[in-house]
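*Asks:* Pasting a structure here, questions to come.
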Amino acid sequence: RAQRIRIIPLGGLGEIGMNMMIFEYGDDMFAIDCGQMFPDEELLGVDSVIPDINYVVENRHRFRGLILTHGHEDHIGAVPYLLQRVKVPVYGSALTLGLVRERLKEFRLENDVELITVGPEDIVHLGGVEIQFISVTHSIPDALAVAIRLPFGNIIHTGDYKIDMTPPDGRPFDFQTFARYGEEGVLALLADSTNACREGISGSERSVVPAIDKLIEQAPRAVIFSCFSSSLHRVQQVLDLARIHKRKVFVTGRSMIRNLRVGAETGVLYYPPDLIHDIRDLKMVPPERRLILTTGSQGEALSALSRMALDEHRDVKVERGDTVIISSRIIPGNEKAIYRMINHFFRRGAEVYYDDVANIHVSGHACREEMRLMINLTRPKYLIPLHGEFRHLVEHKHLAVEMGIDPEKVFILQNGDVIEMDADGAARGERVEISRILVDGHDVGGVDEVVLRDRRHLAEDGMVIAMLAVEQATGILASGPDIVSRGFLYMDENQEFFEQCKKVVLDAFNNCEKESKEEWAVVKTSVRQALKRFIKNETGRFPVILPVVLEI
């Protein structure tokens, strides 16, 4: 049994986000990454989506540890939810664990968890498995790939990566270690597929500096710079440019403030103490000396940048002549919100620069030429495309086949699929039944399909409440019925219709048998059915109908 490894994705395949991969070897089990995904429009009221961790919880007696490749939310966002239920050591780089510690504080778990800092070339043992970390470049510093060393071959998990020849922090992509594993023999390569549809190379993080430098230099008034709060390479470059152009930096947005602090504490960011000032002192600095660093590049409704665009930010007022730089890609699905926000800035007289009109963003993920190089360095026997929608995984397979890998040896997996590998090769195993967990506020998994269906129904059709006050002793109607409409029809303009609704409810109540009136559930059902039928016939609509019987 010990001579076989099982690989099970719990998230991150067929989607961007929610990355989590389980490895089982003998009596030992560990995971690489544990991320969250932001909900799509259909998941009304849901704050985030996390992997189905029940499989891990059921096997907690074998679970030896959690390895984190880097500090992006789609790789660490679900860590607190896992550690609430399973206590294991967590391994990651200094910055990654610094960001995780901040997340754990929100759940009051920071003192209950063993966080173990690792760096490139470090080796750890989880049960009977030896694991080595490899330095890779990405849009966040301190990113690591993972090599799993087994008696019958090595498995490499790239994490998120790009091949940046001139990384801003000077920490290079480790070609030598990948090549050494290629010489030794790589049984399987599990590799990032995000940019599998994009030819060429992703470009260095340094390549955006000249364009941003020129925009800041030429800006006549305040500069508002927005990027992902985790893009700390980009943040460092903007801090350096602010210093060169003698601008004072003001930071707004909770995650940006937090990540700047963690970056400085872990040595990833460096800036002189007099560069960053309290946002409340903004008015004490002339506009041409201000650089405001903020979050909200995806047009999120409550973000600092969106509030500035709507002139609702407490401290920042956008004036004609200000320069807004949005240095991030537009995530599919966010286009409307982002362009709406950009239009608001233009209405206020600001100049706005974004990915479509200026060279101010590069991707943090490998494009096809870099993916080819990764395959050439490691020369894997099997390839498992990771981290992407289904189309990305298929394009990654096509690229590998073009490079001479047998199509039968490229496994396109979906969450819950199982691959089993041993000295004789790899094959699909019996699937693990998993779903995904919806998080609404502090409620984890309490939002199921029925709740979402009700929310969609309310959002699309509104609600009608029918209230009756009934004497408990006699069953006689004491007052009402009263009708309340929310999100269905405006009551003041449809009084005649709602008077008819009252008559329908009254008739339904009066038609109930005397014995039935002692069972309020029966009365409610009769009222609901009668009102539903009437509203459907009159309007063709199906609002949620909620009968309320008050006993007096």
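Labels for the structure tokens follow display order: chains A, B, ..., residues from 1 in each chain, ligands from 1.
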At a cut-off of 8 Å, can you tabulate as a tab-separated table every residue of stretch 15-120 of chain A near stretch 385-403 of chain A together with its closest atom pair and the distance in Å to one decimal, using only C-alpha atoms and ordering rows by chain then number?
*Replies:*
residue	atom	partner	partner_atom	distance
A:Glu15	CA	A:Glu389	CA	4.3
A:Ile16	CA	A:Gly388	CA	5.1
A:Gly17	CA	A:His387	CA	7.4
A:Asn19	CA	A:His387	CA	7.1
*Asks:* Residues at most 10 Å from stretch 69-71 of chain A, counting only C-alpha atoms, excluding those fewer than 3 positions away in the same chain, as a tab-separated table (two decimals) with N, CA, C and O atoms, in the first residue's frame?
*Replies:*
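What ended up in around04.tsv:
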chain	number	residue	atom	x	y	z
A	32	ILE	N	-1.78	20.54	-0.54
A	32	ILE	CA	-1.10	21.72	-1.05
A	32	ILE	C	-2.17	22.77	-1.36
A	32	ILE	O	-3.07	22.53	-2.16
A	33	ASP	N	-2.08	23.90	-0.66
A	33	ASP	CA	-2.98	25.05	-0.79
A	33	ASP	C	-4.39	24.76	-0.28
A	33	ASP	O	-4.82	23.61	-0.20
A	34	CYS	N	-5.05	25.85	0.08
A	34	CYS	CA	-6.42	25.75	0.61
A	34	CYS	C	-7.05	27.14	0.41
A	34	CYS	O	-7.04	27.97	1.31
A	35	GLY	N	-7.56	27.37	-0.81
A	35	GLY	CA	-7.97	28.71	-1.20
A	35	GLY	C	-9.47	28.88	-1.29
A	35	GLY	O	-10.24	27.93	-1.18
A	74	ASP	N	-6.79	32.94	-3.40
A	74	ASP	CA	-7.30	31.70	-4.01
A	74	ASP	C	-6.44	30.49	-3.65
A	74	ASP	O	-6.74	29.36	-4.05
A	75	HIS	N	-5.40	30.73	-2.82
A	75	HIS	CA	-4.56	29.63	-2.33
A	75	HIS	C	-4.52	29.54	-0.80
A	75	HIS	O	-4.17	28.49	-0.26
A	76	ILE	N	-4.86	30.64	-0.11
A	76	ILE	CA	-4.82	30.61	1.37
A	76	ILE	C	-6.15	31.01	2.02
A	76	ILE	O	-6.30	30.90	3.23
A	77	GLY	N	-7.13	31.47	1.23
A	77	GLY	CA	-8.34	32.06	1.80
A	77	GLY	C	-9.18	31.14	2.67
A	77	GLY	O	-9.91	31.60	3.55
A	91	TYR	N	2.93	24.91	6.45
A	91	TYR	CA	4.25	25.25	5.93
A	91	TYR	C	4.11	26.27	4.81
A	91	TYR	O	3.26	26.13	3.92
A	92	GLY	N	4.94	27.31	4.84
A	92	GLY	CA	4.93	28.31	3.78
A	92	GLY	C	6.07	29.29	3.96
A	92	GLY	O	6.77	29.27	4.97
A	93	SER	N	6.24	30.17	2.98
A	93	SER	CA	7.30	31.18	3.06
A	93	SER	C	6.91	32.23	4.09
A	93	SER	O	5.76	32.29	4.56
A	94	ALA	N	7.85	33.11	4.44
A	94	ALA	CA	7.62	34.11	5.49
A	94	ALA	C	6.44	35.01	5.15
A	94	ALA	O	5.56	35.26	6.00
A	95	LEU	N	6.39	35.52	3.91
A	95	LEU	CA	5.29	36.41	3.54
A	95	LEU	C	3.96	35.67	3.55
A	95	LEU	O	2.96	36.17	4.06
A	96	THR	N	3.95	34.46	2.99
A	96	THR	CA	2.71	33.67	2.93
A	96	THR	C	2.15	33.45	4.33
A	96	THR	O	0.96	33.67	4.58
A	97	LEU	N	3.01	33.04	5.25
A	97	LEU	CA	2.54	32.78	6.62
A	97	LEU	C	2.17	34.08	7.34
A	97	LEU	O	1.28	34.08	8.19
A	98	GLY	N	2.84	35.19	6.99
A	98	GLY	CA	2.46	36.48	7.56
A	98	GLY	C	1.03	36.84	7.17
A	98	GLY	O	0.24	37.30	8.00
A	99	LEU	N	0.67	36.60	5.91
A	99	LEU	CA	-0.69	36.87	5.45
A	99	LEU	C	-1.68	35.90	6.06
A	99	LEU	O	-2.81	36.28	6.42
A	100	VAL	N	-1.27	34.63	6.21
A	100	VAL	CA	-2.15	33.63	6.85
A	100	VAL	C	-2.41	34.02	8.30
A	100	VAL	O	-3.54	33.90	8.79
A	133	PHE	N	11.19	22.46	-1.41
A	133	PHE	CA	10.60	23.69	-1.95
A	133	PHE	C	11.53	24.30	-2.99
A	133	PHE	O	12.75	24.27	-2.84
A	134	ILE	N	10.93	24.87	-4.04
A	134	ILE	CA	11.70	25.43	-5.16
A	134	ILE	C	11.24	26.87	-5.40
A	134	ILE	O	10.03	27.14	-5.45
A	135	SER	N	12.18	27.77	-5.59
A	135	SER	CA	11.86	29.18	-5.81
A	135	SER	C	11.26	29.39	-7.21
A	135	SER	O	11.83	28.96	-8.22
A	136	VAL	N	10.08	30.05	-7.26
A	136	VAL	CA	9.51	30.46	-8.55
A	136	VAL	C	9.14	31.94	-8.47
A	136	VAL	O	9.03	32.51	-7.39
A	138	HIS	N	6.41	35.02	-9.41
A	138	HIS	CA	4.96	35.20	-9.58
A	138	HIS	C	4.66	36.68	-9.32
A	138	HIS	O	5.58	37.47	-9.10
A	139	SER	N	3.39	37.08	-9.31
A	139	SER	CA	3.06	38.49	-9.08
A	139	SER	C	3.10	38.85	-7.59
A	139	SER	O	2.95	40.02	-7.24
A	140	ILE	N	3.29	37.87	-6.72
A	140	ILE	CA	3.48	38.12	-5.30
A	140	ILE	C	4.84	37.53	-4.92
A	140	ILE	O	5.22	36.48	-5.43
A	141	PRO	N	5.61	38.19	-4.07
A	141	PRO	CA	6.92	37.64	-3.69
A	141	PRO	C	6.77	36.34	-2.89
A	141	PRO	O	5.69	35.99	-2.43
A	142	ASP	N	7.92	35.68	-2.72
A	142	ASP	CA	8.01	34.50	-1.84
A	142	ASP	C	7.16	33.32	-2.31
A	142	ASP	O	6.63	32.56	-1.51
A	143	ALA	N	7.00	33.17	-3.64
A	143	ALA	CA	6.22	32.03	-4.16
A	143	ALA	C	7.13	30.81	-4.29
A	143	ALA	O	8.32	30.92	-4.60
A	144	LEU	N	6.55	29.64	-4.03
A	144	LEU	CA	7.31	28.38	-4.04
A	144	LEU	C	6.59	27.31	-4.85
A	144	LEU	O	5.36	27.22	-4.81
A	145	ALA	N	7.38	26.53	-5.56
A	145	ALA	CA	6.87	25.27	-6.11
A	145	ALA	C	7.23	24.16	-5.13
A	145	ALA	O	8.04	24.36	-4.21
A	146	VAL	N	6.64	22.98	-5.32
A	146	VAL	CA	6.82	21.88	-4.37
A	146	VAL	C	7.23	20.61	-5.13
A	146	VAL	O	6.57	20.24	-6.11
A	157	HIS	N	4.72	20.04	-8.20
A	157	HIS	CA	3.55	20.90	-8.20
A	157	HIS	C	4.07	22.33	-8.34
A	157	HIS	O	4.75	22.82	-7.45
A	158	THR	N	3.78	23.00	-9.46
A	158	THR	CA	4.41	24.30	-9.73
A	158	THR	C	3.84	25.43	-8.87
A	158	THR	O	4.49	26.47	-8.72
A	159	GLY	N	2.65	25.26	-8.28
A	159	GLY	CA	1.95	26.42	-7.74
A	159	GLY	C	1.69	27.39	-8.88
A	159	GLY	O	1.74	27.03	-10.06
A	160	ASP	N	1.38	28.65	-8.57
A	160	ASP	CA	1.26	29.68	-9.60
A	160	ASP	C	2.67	30.17	-9.92
A	160	ASP	O	3.45	30.46	-9.02
A	161	TYR	N	2.97	30.30	-11.22
A	161	TYR	CA	4.32	30.75	-11.57
A	161	TYR	C	4.31	31.49	-12.90
A	161	TYR	O	3.39	31.36	-13.70
A	230	SER	N	-2.29	42.21	-2.88
A	230	SER	CA	-1.26	41.18	-2.76
A	230	SER	C	-0.16	41.33	-3.81
A	230	SER	O	0.84	40.61	-3.76
A	231	SER	N	-0.32	42.25	-4.77
A	231	SER	CA	0.71	42.46	-5.80
A	231	SER	C	1.84	43.31	-5.23
A	231	SER	O	2.06	44.47	-5.62
*Asks:* List every residue of stretch 373-417 of chain A that has an atom at most 8 Å from any atom of stretch 423-437 of chain A, and for each one report the closest atom pair and its distance in Å to one decimal, counting only C-alpha atoms, with rows sorted by chain and then by increasing residue number, as a Markdown table.
*Replies:*
| residue | atom | partner | partner_atom | distance |
| --- | --- | --- | --- | --- |
| A:Tyr382 | CA | A:Ala426 | CA | 7.9 |
| A:Asn415 | CA | A:Ile434 | CA | 7.5 |
| A:Gly416 | CA | A:Val432 | CA | 4.9 |
| A:Asp417 | CA | A:Arg431 | CA | 4.8 |
*Asks:* Tell me, as a list in words, which residues lie within 7 Å of A:Leu187, counting only C-alpha atoms; anything in the same chain fewer than 6 positions away does not count.
*Replies:*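 In the requested format, the answer is Gly153, Asn154, Ile155, Pro380, Lys381 and Tyr382 of chain A.
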*Asks:* Take the residues just selected and output them with C-alpha atoms as a short mmCIF file (atom, residue, chain, number, x, y, z; two decimals), in the first residue's frame.
*Replies:*
data_model
loop_
_atom_site.label_atom_id
_atom_site.label_comp_id
_atom_site.auth_asym_id
_atom_site.auth_seq_id
_atom_site.Cartn_x
_atom_site.Cartn_y
_atom_site.Cartn_z
CA GLY A 153 9.75 9.00 -8.88
CA ASN A 154 9.33 12.69 -8.22
CA ILE A 155 6.13 14.72 -8.49
CA PRO A 380 7.58 14.64 -17.02
CA LYS A 381 6.20 11.20 -17.79
CA TYR A 382 2.69 12.41 -16.92
#
*Asks:* Can you pull out every residue within 9 Å of stretch 480-487 of chain A, counting only C-alpha atoms, but drop anything in the same chain fewer than 4 positions away, and send it as a ChimeraX atom specification?
*Replies:* /A:458-470,491,498-499,501-503,505-506,543
*Asks:* Could you write out that same residue set with N, CA and C atoms as a PDB file, in the first residue's frame?
*Replies:*
ATOM      1  N   LEU A 458     -36.902  35.564  -4.666  1.00  0.00           N
ATOM      2  CA  LEU A 458     -37.197  36.881  -4.084  1.00  0.00           C
ATOM      3  C   LEU A 458     -36.615  38.000  -4.954  1.00  0.00           C
ATOM      4  N   ALA A 459     -35.402  37.785  -5.462  1.00  0.00           N
ATOM      5  CA  ALA A 459     -34.749  38.815  -6.267  1.00  0.00           C
ATOM      6  C   ALA A 459     -35.479  39.055  -7.580  1.00  0.00           C
ATOM      7  N   GLU A 460     -36.011  37.989  -8.167  1.00  0.00           N
ATOM      8  CA  GLU A 460     -36.636  38.102  -9.482  1.00  0.00           C
ATOM      9  C   GLU A 460     -38.111  38.490  -9.406  1.00  0.00           C
ATOM     10  N   ASP A 461     -38.838  37.991  -8.388  1.00  0.00           N
ATOM     11  CA  ASP A 461     -40.304  38.123  -8.376  1.00  0.00           C
ATOM     12  C   ASP A 461     -40.856  38.899  -7.189  1.00  0.00           C
ATOM     13  N   GLY A 462     -40.039  39.165  -6.173  1.00  0.00           N
ATOM     14  CA  GLY A 462     -40.526  39.902  -5.013  1.00  0.00           C
ATOM     15  C   GLY A 462     -41.345  39.035  -4.067  1.00  0.00           C
ATOM     16  N   MET A 463     -42.025  39.711  -3.120  1.00  0.00           N
ATOM     17  CA  MET A 463     -42.741  38.997  -2.062  1.00  0.00           C
ATOM     18  C   MET A 463     -44.064  39.691  -1.768  1.00  0.00           C
ATOM     19  N   VAL A 464     -45.085  38.876  -1.478  1.00  0.00           N
ATOM     20  CA  VAL A 464     -46.370  39.389  -1.002  1.00  0.00           C
ATOM     21  C   VAL A 464     -46.677  38.723   0.335  1.00  0.00           C
ATOM     22  N   ILE A 465     -46.910  39.549   1.378  1.00  0.00           N
ATOM     23  CA  ILE A 465     -47.238  39.027   2.710  1.00  0.00           C
ATOM     24  C   ILE A 465     -48.729  39.281   2.968  1.00  0.00           C
ATOM     25  N   ALA A 466     -49.445  38.235   3.350  1.00  0.00           N
ATOM     26  CA  ALA A 466     -50.876  38.349   3.701  1.00  0.00           C
ATOM     27  C   ALA A 466     -51.017  38.105   5.197  1.00  0.00           C
ATOM     28  N   MET A 467     -51.489  39.117   5.941  1.00  0.00           N
ATOM     29  CA  MET A 467     -51.573  39.014   7.402  1.00  0.00           C
ATOM     30  C   MET A 467     -53.034  38.985   7.859  1.00  0.00           C
ATOM     31  N   LEU A 468     -53.328  38.030   8.755  1.00  0.00           N
ATOM     32  CA  LEU A 468     -54.656  37.925   9.345  1.00  0.00           C
ATOM     33  C   LEU A 468     -54.520  37.858  10.860  1.00  0.00           C
ATOM     34  N   ALA A 469     -55.350  38.619  11.582  1.00  0.00           N
ATOM     35  CA  ALA A 469     -55.395  38.532  13.045  1.00  0.00           C
ATOM     36  C   ALA A 469     -56.670  37.779  13.425  1.00  0.00           C
ATOM     37  N   VAL A 470     -56.512  36.664  14.150  1.00  0.00           N
ATOM     38  CA  VAL A 470     -57.634  35.759  14.439  1.00  0.00           C
ATOM     39  C   VAL A 470     -57.764  35.581  15.949  1.00  0.00           C
ATOM     40  N   MET A 491     -47.406  49.527  -4.028  1.00  0.00           N
ATOM     41  CA  MET A 491     -48.757  49.444  -3.453  1.00  0.00           C
ATOM     42  C   MET A 491     -49.576  50.704  -3.701  1.00  0.00           C
ATOM     43  N   PHE A 498     -54.631  45.389  -4.973  1.00  0.00           N
ATOM     44  CA  PHE A 498     -54.383  44.829  -3.638  1.00  0.00           C
ATOM     45  C   PHE A 498     -55.681  44.692  -2.819  1.00  0.00           C
ATOM     46  N   GLU A 499     -56.682  45.533  -3.117  1.00  0.00           N
ATOM     47  CA  GLU A 499     -57.997  45.333  -2.488  1.00  0.00           C
ATOM     48  C   GLU A 499     -58.603  44.007  -2.938  1.00  0.00           C
ATOM     49  N   CYS A 501     -56.822  41.438  -3.828  1.00  0.00           N
ATOM     50  CA  CYS A 501     -56.023  40.405  -3.131  1.00  0.00           C
ATOM     51  C   CYS A 501     -56.588  40.160  -1.724  1.00  0.00           C
ATOM     52  N   LYS A 502     -56.968  41.252  -1.032  1.00  0.00           N
ATOM     53  CA  LYS A 502     -57.550  41.106   0.310  1.00  0.00           C
ATOM     54  C   LYS A 502     -58.820  40.273   0.257  1.00  0.00           C
ATOM     55  N   LYS A 503     -59.653  40.539  -0.775  1.00  0.00           N
ATOM     56  CA  LYS A 503     -60.916  39.799  -0.910  1.00  0.00           C
ATOM     57  C   LYS A 503     -60.642  38.312  -1.148  1.00  0.00           C
ATOM     58  N   VAL A 505     -57.993  36.622  -0.136  1.00  0.00           N
ATOM     59  CA  VAL A 505     -57.531  36.045   1.134  1.00  0.00           C
ATOM     60  C   VAL A 505     -58.702  35.830   2.079  1.00  0.00           C
ATOM     61  N   LEU A 506     -59.597  36.811   2.141  1.00  0.00           N
ATOM     62  CA  LEU A 506     -60.771  36.701   3.026  1.00  0.00           C
ATOM     63  C   LEU A 506     -61.655  35.527   2.622  1.00  0.00           C
ATOM     64  N   PRO A 543     -44.665  35.876  -7.364  1.00  0.00           N
ATOM     65  CA  PRO A 543     -43.926  36.325  -6.177  1.00  0.00           C
ATOM     66  C   PRO A 543     -43.953  35.267  -5.074  1.00  0.00           C
TER      67      PRO A 543
END
*Asks:* Mind checking which residues fall within 9 Å of A:Arg6, counting only C-alpha atoms, ignoring those fewer than 4 positions away in the same chain, and posting them as a PyMOL selection string?
*Replies:* chain A and resi 22-25+418-421+429
*Asks:* So that I can check the surroundings of stretch 339-355 of chain A, please list as a PDB file with C-alpha atoms, in the first residue's frame every protein, DNA and RNA residue that reaches within 9 Å of it, counting only C-alpha atoms and ignoring chain neighbours fewer than 6 positions away.
*Replies:*
ATOM      1  CA  LEU A 215       2.273  58.665 -15.851  1.00  0.00           C
ATOM      2  CA  GLY A 299     -14.837  47.730  -9.180  1.00  0.00           C
ATOM      3  CA  LEU A 305     -11.657  53.076  -5.283  1.00  0.00           C
ATOM      4  CA  SER A 306     -15.386  52.681  -6.024  1.00  0.00           C
ATOM      5  CA  MET A 308     -13.795  57.633  -4.639  1.00  0.00           C
ATOM      6  CA  ALA A 309     -15.423  57.290  -8.079  1.00  0.00           C
ATOM      7  CA  LEU A 310     -18.835  58.026  -6.535  1.00  0.00           C
ATOM      8  CA  ASP A 311     -17.472  60.900  -4.401  1.00  0.00           C
ATOM      9  CA  VAL A 318     -11.323  63.325  -6.825  1.00  0.00           C
ATOM     10  CA  GLU A 319     -10.848  66.624  -8.664  1.00  0.00           C
ATOM     11  CA  ARG A 320     -10.481  67.601 -12.322  1.00  0.00           C
ATOM     12  CA  GLY A 321      -6.921  66.856 -13.459  1.00  0.00           C
ATOM     13  CA  ASP A 322      -6.281  63.962 -11.060  1.00  0.00           C
ATOM     14  CA  THR A 323      -4.726  60.787 -12.524  1.00  0.00           C
ATOM     15  CA  VAL A 324      -6.198  57.339 -11.790  1.00  0.00           C
ATOM     16  CA  ILE A 325      -4.041  54.289 -12.616  1.00  0.00           C
ATOM     17  CA  ILE A 326      -5.747  50.868 -12.413  1.00  0.00           C
ATOM     18  CA  SER A 327      -2.880  48.374 -12.594  1.00  0.00           C
ATOM     19  CA  SER A 328      -4.538  44.950 -12.789  1.00  0.00           C
ATOM     20  CA  ARG A 329      -6.243  42.751 -15.311  1.00  0.00           C
ATOM     21  CA  ILE A 330     -10.014  42.744 -15.622  1.00  0.00           C
ATOM     22  CA  HIS A 361      -0.029  45.500 -16.024  1.00  0.00           C
ATOM     23  CA  VAL A 362       1.582  42.136 -16.730  1.00  0.00           C
TER      24      VAL A 362
END
*Asks:* Expressed in Å to a single decimal, how great is the separation between atom CA of A:Ile552 and atom CA of A:Glu471?
*Replies:*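 Those two atoms sit 5.0 Å apart.
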*Asks:* What does the distance from atom CA of A:Ile216 to atom CA of A:His245 come to in Å, to one decimal?
*Replies:*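 About the pair atom CA of A:Ile216 and atom CA of A:His245: they are 7.6 Å apart.
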*Asks:* Find the residues around A:Val410 up to 6 Å (only C-alpha atoms counted), leave out those fewer than 3 positions away in its own chain, and share them as a PDB file with C-alpha atoms, in the first residue's frame.
*Replies:*
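The resulting around-v6.pdb:
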ATOM      1  CA  TYR A 382       2.691  12.405 -16.922  1.00  0.00           C
ATOM      2  CA  LEU A 383       1.159  15.885 -16.954  1.00  0.00           C
ATOM      3  CA  ILE A 384      -1.785  17.064 -14.838  1.00  0.00           C
ATOM      4  CA  PRO A 407      -2.097  12.290 -24.968  1.00  0.00           C
TER       5      PRO A 407
END
*Asks:* List every residue of stretch 149-382 of chain A that DSSP, applied to the backbone of this structure, assigns to helix (DSSP H, G or I), and report them as a PyMOL selection string.
*Replies:* chain A and resi 175-184+205-218+232-244+254-265+279-284+287-289+304-309+335-347+368-378
*Asks:* Between A:Phe178, A:Phe152, A:Phe488, A:Tyr55, which residue has the minimum interatomic distance to A:Asp422, considering only C-alpha atoms?
*Replies:*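 Closest to A:Asp422, using only C-alpha atoms: A:Phe152.
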*Asks:* Go through A:Gln472, A:Asn334, A:Asn359, A:Asn511 and flag the residue nearest A:Phe38, using only C-alpha atoms for the distances.
*Replies:*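 Ranking A:Gln472, A:Asn334, A:Asn359, A:Asn511 by distance to A:Phe38, first place goes to A:Asn334.
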*Asks:* Which is closest to A:Phe173 among A:Ser363, A:Thr137, A:Ser202, A:Thr194, if we use only C-alpha atoms?
*Replies:* A:Thr137
*Asks:* Which is closest to A:Lys336 among A:Glu300, A:Glu205, A:Glu102, A:Asp122, if we use only C-alpha atoms?
*Replies:*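 Of the candidates, the smallest distance to A:Lys336 is held by A:Glu300.
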*Asks:* What does the structure give for the distance between atom CA of A:Gln36 and atom CA of A:Glu73, in Å to one decimal?
*Replies:*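 Computing the Euclidean distance for atom CA of A:Gln36 and atom CA of A:Glu73 yields 6.3 Å.
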*Asks:* Can you work out which one of A:Val523, A:Gln237, A:Ala530, A:Val86 has the shortest atom-to-atom distance to A:Pro210, counting only C-alpha atoms?
*Replies:* A:Gln237
*Asks:* Report as a PyMOL selection string: the residues of stretch 277-468 of chain A with a DSSP assignment of strand (DSSP E), based on the backbone of this structure.
*Replies:* chain A and resi 277+290-294+323-326+351-353+382-386+419-422+425-428+436-440+443-444+463-468
*Asks:* Pick from A:Leu269, A:Val90, A:Ile212, A:Ile131: nearest to A:Thr117, with only C-alpha atoms counted?
*Replies:*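 Selected residue with least distance to A:Thr117: A:Val90.
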